[in-house]
file target-v3.tsv (TSV, C-alpha atoms (C1' of nucleotides))
chain	number	residue	atom	x	y	z
Y	1053	MET	CA	-76.32	34.52	38.38
Y	1054	LYS	CA	-79.16	32.65	40.09
Y	1055	ARG	CA	-78.39	29.51	38.15
Y	1056	LYS	CA	-74.69	29.98	38.57
Y	1057	LEU	CA	-74.82	30.30	42.36
Y	1058	ARG	CA	-77.03	27.23	42.63
Y	1059	PHE	CA	-74.74	25.34	40.28
Y	1060	ILE	CA	-71.72	26.21	42.41
Y	1061	TYR	CA	-73.53	25.07	45.54
Y	1062	ARG	CA	-74.36	21.69	44.05
Y	1063	LEU	CA	-70.82	21.33	42.75
Y	1064	LEU	CA	-69.26	22.08	46.12
Y	1065	TYR	CA	-71.69	19.91	48.03
Y	1066	ALA	CA	-71.01	17.02	45.66
Y	1067	SER	CA	-67.25	17.53	46.06
Y	1068	PHE	CA	-67.00	18.08	49.80
Y	1069	GLY	CA	-70.23	16.88	51.39
Y	1070	PRO	CA	-71.85	18.50	54.44
Y	1071	GLN	CA	-69.44	20.51	56.62
Y	1072	HIS	CA	-71.31	20.54	59.96
Y	1073	TRP	CA	-70.57	24.07	61.03
Y	1074	TRP	CA	-71.79	25.11	64.42
Y	1075	PRO	CA	-74.32	22.35	64.89
Y	1076	ALA	CA	-76.25	21.76	68.12
Y	1077	ARG	CA	-74.90	24.20	70.69
Y	1078	THR	CA	-76.79	26.77	72.69
Y	1079	PRO	CA	-77.36	30.10	70.93
Y	1080	PHE	CA	-75.45	31.79	73.73
Y	1081	GLU	CA	-72.40	29.60	73.20
Y	1082	VAL	CA	-72.52	30.25	69.46
Y	1083	ALA	CA	-72.54	33.99	70.09
Y	1084	ILE	CA	-69.53	33.72	72.40
Y	1085	GLY	CA	-67.73	31.68	69.74
Y	1086	ALA	CA	-68.59	34.23	67.07
Y	1087	ILE	CA	-66.83	36.96	69.04
Y	1088	LEU	CA	-63.86	34.80	70.02
Y	1089	THR	CA	-63.20	33.64	66.47
Y	1090	GLN	CA	-62.60	37.13	65.10
Y	1091	ASN	CA	-59.44	36.86	63.00
Y	1092	THR	CA	-58.58	33.66	64.85
Y	1093	SER	CA	-58.49	29.98	63.98
Y	1094	TRP	CA	-61.41	27.97	65.26
Y	1095	LEU	CA	-59.06	25.50	66.94
Y	1096	ASN	CA	-57.86	28.19	69.33
Y	1097	VAL	CA	-61.43	29.29	69.98
Y	1098	GLU	CA	-62.48	25.76	70.89
Y	1099	LYS	CA	-59.79	25.69	73.54
Y	1100	ALA	CA	-60.99	28.95	75.02
Y	1101	ILE	CA	-64.62	27.79	75.04
Y	1102	GLY	CA	-63.57	24.47	76.56
Y	1103	ASN	CA	-61.76	26.40	79.25
Y	1104	LEU	CA	-64.82	28.50	80.01
Y	1105	ARG	CA	-66.92	25.36	80.17
Y	1106	LYS	CA	-64.45	23.64	82.47
Y	1107	HIS	CA	-64.79	26.51	84.92
Y	1108	GLY	CA	-68.56	26.57	84.66
Y	1109	LEU	CA	-68.53	29.99	83.02
Y	1110	LEU	CA	-70.55	29.27	79.90
Y	1111	SER	CA	-73.61	31.11	81.08
Y	1112	ALA	CA	-74.61	34.71	80.56
Y	1113	ASP	CA	-75.00	35.26	84.28
Y	1114	ARG	CA	-71.60	33.87	85.26
Y	1115	LEU	CA	-69.81	35.69	82.45
Y	1116	ARG	CA	-71.50	38.93	83.36
Y	1117	ARG	CA	-70.28	38.75	86.93
Y	1118	ILE	CA	-66.67	37.83	86.32
Y	1119	PRO	CA	-64.23	40.78	86.10
Y	1120	ARG	CA	-62.94	41.59	82.62
Y	1121	GLY	CA	-59.33	40.91	83.56
Y	1122	ARG	CA	-60.08	37.43	84.84
Y	1123	LEU	CA	-62.23	36.68	81.81
Y	1124	GLY	CA	-59.23	37.54	79.64
Y	1125	GLY	CA	-57.22	34.91	81.46
Y	1126	TYR	CA	-59.71	32.19	80.58
Y	1127	ILE	CA	-59.79	33.04	76.88
Y	1128	ARG	CA	-56.07	33.56	76.33
Y	1129	SER	CA	-55.82	30.82	73.73
Y	1130	ALA	CA	-58.18	32.70	71.43
Y	1131	GLY	CA	-55.71	35.58	71.09
Y	1132	TYR	CA	-56.41	39.31	71.48
Y	1133	TYR	CA	-57.69	38.26	74.87
Y	1134	ASN	CA	-57.85	41.75	76.36
Y	1135	VAL	CA	-59.80	43.09	73.42
Y	1136	LYS	CA	-62.08	40.09	73.28
Y	1137	ALA	CA	-62.80	40.08	77.00
Y	1138	GLY	CA	-63.99	43.66	76.56
Y	1139	ARG	CA	-66.11	42.71	73.57
Y	1140	LEU	CA	-67.72	39.81	75.43
Y	1141	LYS	CA	-68.55	42.23	78.25
Y	1142	GLU	CA	-70.09	44.67	75.79
Y	1143	PHE	CA	-72.19	41.89	74.32
Y	1144	LEU	CA	-73.35	40.74	77.76
Y	1145	ASP	CA	-74.33	44.28	78.72
Y	1146	PHE	CA	-76.39	44.47	75.56
Y	1147	LEU	CA	-77.90	41.05	76.18
Y	1148	TYR	CA	-79.07	41.96	79.67
Y	1149	LYS	CA	-80.16	45.46	78.80
Y	1150	THR	CA	-82.17	44.38	75.77
Y	1151	TYR	CA	-83.16	40.75	76.25
Y	1152	ARG	CA	-82.89	40.11	79.99
Y	1153	GLY	CA	-79.81	37.98	79.42
Y	1154	ASP	CA	-81.46	35.53	77.07
Y	1155	LEU	CA	-81.19	35.53	73.28
Y	1156	GLY	CA	-84.36	33.46	73.28
Y	1157	ASN	CA	-86.25	36.64	74.09
Y	1158	ALA	CA	-85.25	37.97	70.68
Y	1159	ALA	CA	-87.32	35.34	68.91
Y	1160	SER	CA	-90.06	37.67	67.73
Y	1161	VAL	CA	-87.77	40.55	66.77
Y	1162	PRO	CA	-87.42	41.14	63.02
Y	1163	THR	CA	-84.04	40.11	61.61
Y	1164	ARG	CA	-83.27	43.59	60.29
Y	1165	THR	CA	-83.88	45.17	63.70
Y	1166	LEU	CA	-81.86	42.53	65.48
Y	1167	ARG	CA	-78.96	43.02	63.09
Y	1168	GLU	CA	-78.93	46.75	63.74
Y	1169	GLN	CA	-78.99	46.14	67.47
Y	1170	LEU	CA	-76.06	43.74	67.27
Y	1171	LEU	CA	-74.08	46.13	65.04
Y	1172	SER	CA	-74.53	48.86	67.62
Y	1173	VAL	CA	-72.59	46.80	70.16
Y	1174	LYS	CA	-68.94	47.87	70.24
Y	1175	GLY	CA	-66.85	44.95	69.02
Y	1176	ILE	CA	-69.55	43.37	66.90
Y	1177	GLY	CA	-69.11	44.06	63.20
Y	1178	PRO	CA	-71.00	42.69	60.19
Y	1179	GLU	CA	-69.48	39.22	60.16
Y	1180	THR	CA	-69.91	38.63	63.88
Y	1181	ALA	CA	-73.47	39.98	63.84
Y	1182	ASP	CA	-74.39	37.83	60.87
Y	1183	SER	CA	-72.77	34.74	62.39
Y	1184	ILE	CA	-74.90	35.19	65.48
Y	1185	LEU	CA	-78.02	35.75	63.38
Y	1186	LEU	CA	-77.46	32.70	61.19
Y	1187	TYR	CA	-75.80	30.16	63.46
Y	1188	ALA	CA	-77.34	31.06	66.80
Y	1189	LEU	CA	-80.76	32.36	65.80
Y	1190	ASN	CA	-81.32	30.53	62.55
Y	1191	ARG	CA	-82.08	33.68	60.59
Y	1192	PRO	CA	-81.59	33.68	56.80
Y	1193	VAL	CA	-78.51	35.91	56.72
Y	1194	PHE	CA	-75.52	35.03	54.56
Y	1195	VAL	CA	-72.19	35.34	56.37
Y	1196	ILE	CA	-69.32	36.92	54.46
Y	1197	ASP	CA	-65.75	36.42	55.63
Y	1198	ALA	CA	-62.21	36.61	54.31
Y	1199	TYR	CA	-62.51	33.16	52.72
Y	1200	THR	CA	-65.77	33.95	50.96
Y	1201	ARG	CA	-64.24	37.13	49.65
Y	1202	ARG	CA	-61.16	35.30	48.40
Y	1203	VAL	CA	-63.12	32.60	46.58
Y	1204	LEU	CA	-65.57	34.98	44.94
Y	1205	SER	CA	-62.90	37.36	43.81
Y	1206	ARG	CA	-60.48	34.63	42.69
Y	1207	HIS	CA	-63.23	33.14	40.53
Y	1208	ARG	CA	-64.30	36.57	39.33
Y	1209	LEU	CA	-67.84	36.34	40.64
Y	1210	VAL	CA	-67.52	39.82	42.12
Y	1211	ARG	CA	-65.24	42.73	41.44
Y	1212	GLU	CA	-62.12	42.77	43.55
Y	1213	HIS	CA	-62.99	45.55	45.98
Y	1214	ALA	CA	-66.66	44.80	46.55
Y	1215	ASP	CA	-67.63	45.60	50.13
Y	1216	TYR	CA	-69.37	43.39	52.68
Y	1217	ASP	CA	-72.92	44.42	51.85
Y	1218	GLN	CA	-72.39	43.94	48.12
Y	1219	LEU	CA	-71.03	40.44	48.62
Y	1220	GLN	CA	-73.90	39.57	50.91
Y	1221	LYS	CA	-76.41	40.93	48.42
Y	1222	LEU	CA	-75.06	38.57	45.78
Y	1223	PHE	CA	-76.36	35.66	47.82
Y	1224	SER	CA	-79.54	37.12	49.27
Y	1225	ASP	CA	-80.64	38.32	45.83
Y	1226	ASN	CA	-80.09	34.96	44.21
Y	1227	LEU	CA	-80.88	32.30	46.80
Y	1228	ALA	CA	-84.06	31.44	48.66
Y	1229	PRO	CA	-83.76	32.68	52.27
Y	1230	GLU	CA	-83.08	29.26	53.74
Y	1231	PRO	CA	-80.83	29.29	56.84
Y	1232	ALA	CA	-79.70	25.66	56.44
Y	1233	VAL	CA	-78.51	26.36	52.90
Y	1234	TYR	CA	-76.82	29.64	53.86
Y	1235	ASN	CA	-75.03	27.79	56.64
Y	1236	GLU	CA	-73.84	24.98	54.39
Y	1237	TYR	CA	-72.96	27.22	51.47
Y	1238	HIS	CA	-70.75	29.44	53.55
Y	1239	ALA	CA	-68.98	26.43	55.08
Y	1240	LEU	CA	-68.43	24.93	51.63
Y	1241	LEU	CA	-66.88	28.17	50.37
Y	1242	VAL	CA	-64.51	28.16	53.32
Y	1243	LYS	CA	-63.60	24.54	52.62
Y	1244	LEU	CA	-62.90	25.43	48.99
Y	1245	ALA	CA	-60.78	28.41	49.97
Y	1246	LYS	CA	-58.72	26.37	52.40
Y	1247	ASP	CA	-58.19	23.43	50.07
Y	1248	PHE	CA	-57.64	25.31	46.84
Y	1249	CYS	CA	-57.76	29.08	46.79
Y	1250	LEU	CA	-54.92	29.34	49.31
Y	1251	LYS	CA	-52.74	26.82	47.58
Y	1252	SER	CA	-50.37	27.12	44.70
Y	1253	LYS	CA	-51.54	27.20	41.09
Y	1254	PRO	CA	-51.13	23.50	40.25
Y	1255	ARG	CA	-53.84	22.57	42.72
Y	1256	CYS	CA	-56.17	25.19	41.32
Y	1257	ARG	CA	-56.50	23.11	38.17
Y	1258	GLN	CA	-58.21	20.46	40.24
Y	1259	CYS	CA	-60.44	23.05	41.87
Y	1260	PRO	CA	-64.11	21.96	41.65
Y	1261	LEU	CA	-64.89	25.38	40.21
Y	1262	ALA	CA	-62.24	25.16	37.49
Y	1263	SER	CA	-64.84	23.84	35.06
Y	1264	LEU	CA	-67.24	26.70	35.77
Y	1265	PRO	CA	-68.83	27.91	32.53
Y	1266	LYS	CA	-68.03	31.49	31.54
Y	1267	ASP	CA	-71.57	32.75	32.07
S	990	DG	C1'	-38.63	31.91	62.08
S	991	DA	C1'	-42.24	33.40	58.85
S	992	DC	C1'	-46.84	33.26	57.91
S	993	DC	C1'	-51.63	32.73	58.77
S	994	DA	C1'	-56.17	32.46	61.29
S	995	DG	C1'	-64.24	32.10	60.43
S	996	DG	C1'	-62.51	41.07	62.52
S	997	DC	C1'	-63.09	45.30	64.53
S	998	DA	C1'	-62.30	50.06	66.11
S	999	DC	C1'	-59.80	53.92	65.56
S	1000	DA	C1'	-56.43	57.25	63.46
S	1001	DT	C1'	-54.92	59.53	59.52
S	1002	DC	C1'	-54.84	61.30	54.91
H	558	DG	C1'	-63.82	56.85	51.02
H	559	DA	C1'	-59.47	54.39	51.10
H	560	DT	C1'	-55.59	52.84	53.73
H	561	DG	C1'	-52.83	51.73	57.93
H	562	DT	C1'	-52.32	50.00	62.67
H	563	DG	C1'	-52.95	47.60	67.21
H	564	DC	C1'	-54.59	43.68	69.22
H	565	DA	C1'	-51.94	38.04	70.51
H	566	DT	C1'	-52.16	33.08	70.76
H	567	DG	C1'	-51.14	28.69	68.58
H	568	DG	C1'	-50.71	25.67	64.30
H	569	DT	C1'	-48.21	24.73	60.01
call {"tool": "encode", "arguments": {"input": "target-v3.tsv", "output": "structure tokens"}}
result
Amino acid sequence: MKRKLRFIYRLLYASFGPQHWWPARTPFEVAIGAILTQNTSWLNVEKAIGNLRKHGLLSADRLRRIPRGRLGGYIRSAGYYNVKAGRLKEFLDFLYKTYRGDLGNAASVPTRTLREQLLSVKGIGPETADSILLYALNRPVFVIDAYTRRVLSRHRLVREHADYDQLQKLFSDNLAPEPAVYNEYHALLVKLAKDFCLKSKPRCRQCPLASLPKD
DNA sequence: GACCAGGCACATC
DNA sequence: GATGTGCATGGT
């Protein structure tokens, strides 16, 4: 499986090239995006973040002070805006209570501890926690999402009903803990899912993974 | 107009 | 432990 996962990575990278997911932004902004993008297209999230920026609200302090109802108004485009405004508030409470409002103060905290802390925040589940860990804090944590699940199961790399932790283990057991690679690999799997695994069968013949050896 | 999108909490069986 | 439901906008 080690060889296979590395082979797939090289294949996808050669086919699609670098995907540039969540490059240079502040860790705080990445965390906000991670919550806003729950079950939502990134395009709609960008609008919401742009709106927050336009109103000078992209700071922990400003977001903490604004009432939940008003916050919802600014993030409408991201959908579920009432739910998400509440989740952002929960995250900010945690951020201030635990790290004085600055994720930078989490730098020396072990990844496992940090993950448990994030998961204890209401509204932050495994994918959101792991997105924050990987994309905002550069920790070697592989992010699993609906696309990853679809690709792995469509290509029979995992059994159909494997849960989040099992899927994640597949990668962490078989890849060196390198955040840049985890970042790129995940993005490439999403690209593959969008271009092929969602499409009709004819396109699947041209799928870069179609030539994958049977173990 | 139908379907989908970088989930999660909560209820129910 | 599995399965169902509410949450909601905007693109295709």
call {"tool": "interface_residues", "arguments": {"input": "target-v3.tsv", "of": "chain Y", "to": "chain H", "cutoff": "12 Å", "atoms": "only C-alpha atoms (C1' of nucleotides)", "output": "ChimeraX atom specification"}}
result
/Y:1088-1100,1124-1125,1127-1138,1213,1215
call {"tool": "interface_residues", "arguments": {"input": "target-v3.tsv", "of": "chain S", "to": "chain Y", "cutoff": "7 Å", "atoms": "all atoms listed in the file", "output": "PyMOL selection string"}}
result
chain S and resi 994-997
call {"tool": "atom_distance", "arguments": {"input": "target-v3.tsv", "atom1": "atom CA of Y:Val1193", "atom2": "atom CA of Y:Val1233"}}
result
10.3 Å
call {"tool": "atom_distance", "arguments": {"input": "target-v3.tsv", "atom1": "atom CA of Y:Asp1225", "atom2": "atom CA of Y:Arg1208"}}
result
17.7 Å
call {"tool": "atom_distance", "arguments": {"input": "target-v3.tsv", "atom1": "atom CA of Y:Asn1190", "atom2": "atom CA of Y:Arg1117"}}
result
28.0 Å
call {"tool": "decode", "arguments": {"input": "target-v3.tsv", "residues": "stretch 1191-1266 of chain Y", "atoms": "C-alpha atoms", "output": "CSV table (one decimal), in the first residue's frame"}}
result
chain,number,residue,atom,x,y,z
Y,1191,ARG,CA,0.7,20.1,11.1
Y,1192,PRO,CA,1.0,16.7,9.3
Y,1193,VAL,CA,-2.6,15.7,9.4
Y,1194,PHE,CA,-4.4,14.2,6.4
Y,1195,VAL,CA,-7.8,15.8,5.7
Y,1196,ILE,CA,-10.6,13.4,4.7
Y,1197,ASP,CA,-13.6,14.8,3.0
Y,1198,ALA,CA,-16.5,13.6,0.8
Y,1199,TYR,CA,-14.3,13.7,-2.3
Y,1200,THR,CA,-11.5,11.7,-0.8
Y,1201,ARG,CA,-14.0,9.1,0.4
Y,1202,ARG,CA,-15.6,8.9,-3.1
Y,1203,VAL,CA,-12.3,8.4,-4.9
Y,1204,LEU,CA,-10.9,5.9,-2.5
Y,1205,SER,CA,-14.0,3.8,-2.4
Y,1206,ARG,CA,-14.6,4.1,-6.2
Y,1207,HIS,CA,-11.1,2.8,-6.8
Y,1208,ARG,CA,-11.5,0.2,-4.1
Y,1209,LEU,CA,-8.6,1.4,-2.0
Y,1210,VAL,CA,-10.8,1.1,1.1
Y,1211,ARG,CA,-14.0,-0.7,1.9
Y,1212,GLU,CA,-17.1,1.2,1.2
Y,1213,HIS,CA,-18.2,2.1,4.7
Y,1214,ALA,CA,-14.8,2.9,6.2
Y,1215,ASP,CA,-15.1,5.7,8.8
Y,1216,TYR,CA,-13.1,8.9,9.0
Y,1217,ASP,CA,-10.3,7.6,11.2
Y,1218,GLN,CA,-9.8,4.5,9.1
Y,1219,LEU,CA,-9.4,6.6,5.9
Y,1220,GLN,CA,-7.1,9.0,7.6
Y,1221,LYS,CA,-5.0,6.1,8.9
Y,1222,LEU,CA,-4.5,4.8,5.4
Y,1223,PHE,CA,-2.5,7.9,4.6
Y,1224,SER,CA,-0.7,8.5,7.9
Y,1225,ASP,CA,0.4,4.9,8.0
Y,1226,ASN,CA,1.8,4.9,4.5
Y,1227,LEU,CA,3.2,8.4,3.9
Y,1228,ALA,CA,5.9,10.4,5.6
Y,1229,PRO,CA,4.3,13.1,7.9
Y,1230,GLU,CA,5.0,15.9,5.5
Y,1231,PRO,CA,2.4,18.8,5.6
Y,1232,ALA,CA,3.2,20.0,2.1
Y,1233,VAL,CA,2.6,16.6,0.6
Y,1234,TYR,CA,-0.6,16.0,2.6
Y,1235,ASN,CA,-1.9,19.4,1.4
Y,1236,GLU,CA,-1.2,18.6,-2.2
Y,1237,TYR,CA,-2.3,15.0,-2.1
Y,1238,HIS,CA,-5.7,15.9,-0.7
Y,1239,ALA,CA,-6.2,18.7,-3.3
Y,1240,LEU,CA,-5.2,16.3,-6.1
Y,1241,LEU,CA,-7.8,13.8,-4.9
Y,1242,VAL,CA,-10.4,16.4,-4.9
Y,1243,LYS,CA,-9.4,17.5,-8.4
Y,1244,LEU,CA,-9.7,13.8,-9.5
Y,1245,ALA,CA,-13.1,13.4,-7.9
Y,1246,LYS,CA,-14.4,16.5,-9.6
Y,1247,ASP,CA,-13.0,15.8,-13.0
Y,1248,PHE,CA,-13.7,12.1,-13.1
Y,1249,CYS,CA,-15.3,10.3,-10.2
Y,1250,LEU,CA,-18.4,12.5,-10.4
Y,1251,LYS,CA,-18.8,12.1,-14.2
Y,1252,SER,CA,-20.3,9.5,-16.3
Y,1253,LYS,CA,-18.6,6.2,-17.0
Y,1254,PRO,CA,-17.1,7.1,-20.4
Y,1255,ARG,CA,-14.8,9.7,-18.8
Y,1256,CYS,CA,-13.7,7.2,-16.2
Y,1257,ARG,CA,-11.8,5.3,-18.8
Y,1258,GLN,CA,-9.6,8.3,-19.2
Y,1259,CYS,CA,-9.2,8.6,-15.4
Y,1260,PRO,CA,-5.5,8.8,-14.5
Y,1261,LEU,CA,-6.1,6.0,-12.1
Y,1262,ALA,CA,-7.7,3.7,-14.6
Y,1263,SER,CA,-4.3,2.1,-15.3
Y,1264,LEU,CA,-3.7,1.4,-11.6
Y,1265,PRO,CA,-2.2,-2.1,-11.2
Y,1266,LYS,CA,-4.3,-4.6,-9.2
